[in-house]
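K.L.:
Pasting a structure below so you can have a look.
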Amino acid sequence: MLGAIAAFVFGLALLVFPTTMLAGFGLGTPNEGVVLSRDVGATLIGLGVINWMARNATGEVLRALLVGNVVVQALELLINGYEIVIGDLPSQAAGGLLIHLVLGAVFVFAMRSTSSRA
């Protein structure tokens, strides 16, 4: 449920307030950035719907859901970290890394706790 809520919140913010969200990460808002932000927002809302609808999943379905969420968080952490290091993202965006790290840890913890019950 935490993954669903986080995806909804960030997805809706990117969809409705792309300029504000980009500015929060120290980025300008060219038209291309606004379009991509809205696209990412729509994708996150879709991920939130998947997570919410599968919140009572068990077994292989739950594992697939959790692994997919871990992959999303790990890739975002790696990509954004790399972008900060090479200067494509300003250091102001580093706070987003913590969000991906925490969400990734939550999903890994959930995977470990569900596999120990199996």
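How things are named: the first chain in the structure tokens is A, the next is B, and so on; residues count from 1 in each chain; ligands count from 1 in the order shown.
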Just the residues within 10 Å of Ile99 of chain A, please, counting only C-alpha atoms, with nothing from its chain fewer than 6 positions along; format it as a VMD selection string.

P.N.:
chain A and resid 6 73 76 to 77 105

K.L.:
Can you pull out the residues contacting Phe8 of chain A? Cut-off 10 Å, using only C-alpha atoms, and skip same-chain residues under 6 positions away; I want them as an MDAnalysis selection string.

P.N.:
chainID A and resid 2 14 41:49 51:52

K.L.:
Deliver the residues from the most recent selection as a file, using N, CA, C and O atoms, as a short mmCIF file (atom, residue, chain, number, x, y, z; two decimals), in the first residue's frame.

P.N.:
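The resulting file, again.cif, is shown below:
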data_model
loop_
_atom_site.label_atom_id
_atom_site.label_comp_id
_atom_site.auth_asym_id
_atom_site.auth_seq_id
_atom_site.Cartn_x
_atom_site.Cartn_y
_atom_site.Cartn_z
N LEU A 2 2.01 1.20 0.68
CA LEU A 2 2.91 2.35 0.72
C LEU A 2 3.39 2.71 -0.68
O LEU A 2 3.43 3.89 -1.05
N LEU A 14 3.42 15.23 -10.53
CA LEU A 14 4.08 15.40 -11.83
C LEU A 14 3.08 15.66 -12.95
O LEU A 14 3.36 16.41 -13.88
N GLY A 41 4.37 11.11 -14.71
CA GLY A 41 3.28 11.17 -13.74
C GLY A 41 2.19 10.17 -14.05
O GLY A 41 1.70 9.45 -13.18
N ALA A 42 1.82 10.08 -15.34
CA ALA A 42 0.79 9.12 -15.75
C ALA A 42 1.26 7.69 -15.49
O ALA A 42 0.49 6.84 -15.02
N THR A 43 2.52 7.41 -15.77
CA THR A 43 3.07 6.07 -15.53
C THR A 43 3.06 5.74 -14.04
O THR A 43 2.71 4.62 -13.65
N LEU A 44 3.45 6.70 -13.21
CA LEU A 44 3.44 6.46 -11.76
C LEU A 44 2.03 6.23 -11.23
O LEU A 44 1.83 5.39 -10.35
N ILE A 45 1.07 6.96 -11.75
CA ILE A 45 -0.31 6.72 -11.33
C ILE A 45 -0.73 5.31 -11.72
O ILE A 45 -1.37 4.60 -10.92
N GLY A 46 -0.35 4.86 -12.91
CA GLY A 46 -0.64 3.48 -13.32
C GLY A 46 0.01 2.47 -12.39
O GLY A 46 -0.61 1.47 -12.00
N LEU A 47 1.26 2.72 -12.00
CA LEU A 47 1.95 1.83 -11.06
C LEU A 47 1.23 1.84 -9.71
O LEU A 47 1.09 0.79 -9.07
N GLY A 48 0.77 3.01 -9.31
CA GLY A 48 0.01 3.10 -8.07
C GLY A 48 -1.27 2.28 -8.12
O GLY A 48 -1.62 1.60 -7.16
N VAL A 49 -1.96 2.31 -9.26
CA VAL A 49 -3.18 1.51 -9.43
C VAL A 49 -2.86 0.02 -9.33
O VAL A 49 -3.54 -0.74 -8.64
N ASN A 51 -0.27 -1.40 -7.82
CA ASN A 51 0.09 -1.71 -6.43
C ASN A 51 -1.14 -1.75 -5.53
O ASN A 51 -1.26 -2.62 -4.67
N TRP A 52 -2.04 -0.80 -5.71
CA TRP A 52 -3.23 -0.74 -4.86
C TRP A 52 -4.13 -1.95 -5.10
O TRP A 52 -4.60 -2.59 -4.16
#

K.L.:
Do a neighbour search on Thr114 of chain A at 9 Å with only C-alpha atoms, toss out local chain neighbours closer than 6 positions, and write the hits as a PDB file with N, CA and C atoms, in the first residue's frame.

P.N.:
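For reference, result24.pdb as written:
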ATOM      1  N   THR A  58      -0.808 -12.565  -2.855  1.00  0.00           N
ATOM      2  CA  THR A  58       0.055 -13.512  -2.142  1.00  0.00           C
ATOM      3  C   THR A  58       0.831 -14.320  -3.174  1.00  0.00           C
ATOM      4  N   GLY A  59       1.779 -15.087  -2.702  1.00  0.00           N
ATOM      5  CA  GLY A  59       2.501 -16.024  -3.553  1.00  0.00           C
ATOM      6  C   GLY A  59       3.282 -15.363  -4.676  1.00  0.00           C
ATOM      7  N   LEU A  62       2.444 -11.644  -5.578  1.00  0.00           N
ATOM      8  CA  LEU A  62       3.032 -10.684  -4.648  1.00  0.00           C
ATOM      9  C   LEU A  62       4.523 -10.539  -4.914  1.00  0.00           C
ATOM     10  N   ARG A  63       5.203 -11.647  -5.111  1.00  0.00           N
ATOM     11  CA  ARG A  63       6.640 -11.594  -5.375  1.00  0.00           C
ATOM     12  C   ARG A  63       6.941 -10.799  -6.643  1.00  0.00           C
TER      13      ARG A  63
END

K.L.:
Given the choices A:Gly96, A:Gly11, A:Gly28, A:Pro18, which gets closest to Glu83 of chain A if the distance is worked out from only C-alpha atoms?

P.N.:
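Under the stated criterion, the closest residue is A:Gly96.
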
K.L.:
Give me, as a count of residues only, all polymer residues having an atom no more than 12 Å from Met21 of chain A, counting only C-alpha atoms and skipping those fewer than 4 positions away in the same chain.

P.N.:
23

K.L.:
Counting only C-alpha atoms, figure out which residue out of A:Asn31, A:Ala94, A:Ile50, A:Ala57 gets nearest to Asn80 of chain A.

P.N.:
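Distance minimum relative to Asn80 of chain A lands on A:Ala94.
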
K.L.:
Which is closest to His100 of chain A among A:Ala64, A:Ala7, A:Val85, A:Ala23, if we use only C-alpha atoms?

P.N.:
A:Ala7

K.L.:
Just the number, please: distance in Å from atom CA of Val102 of chain A to atom CA of Leu89 of chain A, one decimal.

P.N.:
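One can read the atom CA of Val102 of chain A to atom CA of Leu89 of chain A distance as 20.1 Å.
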
K.L.:
If you run DSSP on this backbone, which residues of chain A come out as helix (DSSP H, G or I), and could you give them as a ChimeraX atom specification?

P.N.:
/A:2-16,18-24,31-53,59-86,91-117

K.L.:
To one decimal in Å, tell me the separation between atom CA of Val71 of chain A and atom CA of Met111 of chain A.

P.N.:
12.4 Å

K.L.:
Pick the closest to Met53 of chain A from A:Val108, A:Leu103, A:Ile5, A:Leu75: which is it, counting only C-alpha atoms?

P.N.:
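Answer, going by the shortest atom-to-atom distance: A:Ile5.
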
K.L.:
Kindly indicate which residue among A:Gly24, A:Ala110, A:Asp39, A:Thr19 lies nearest to Ser91 of chain A, using only C-alpha atoms for the distances.

P.N.:
A:Gly24
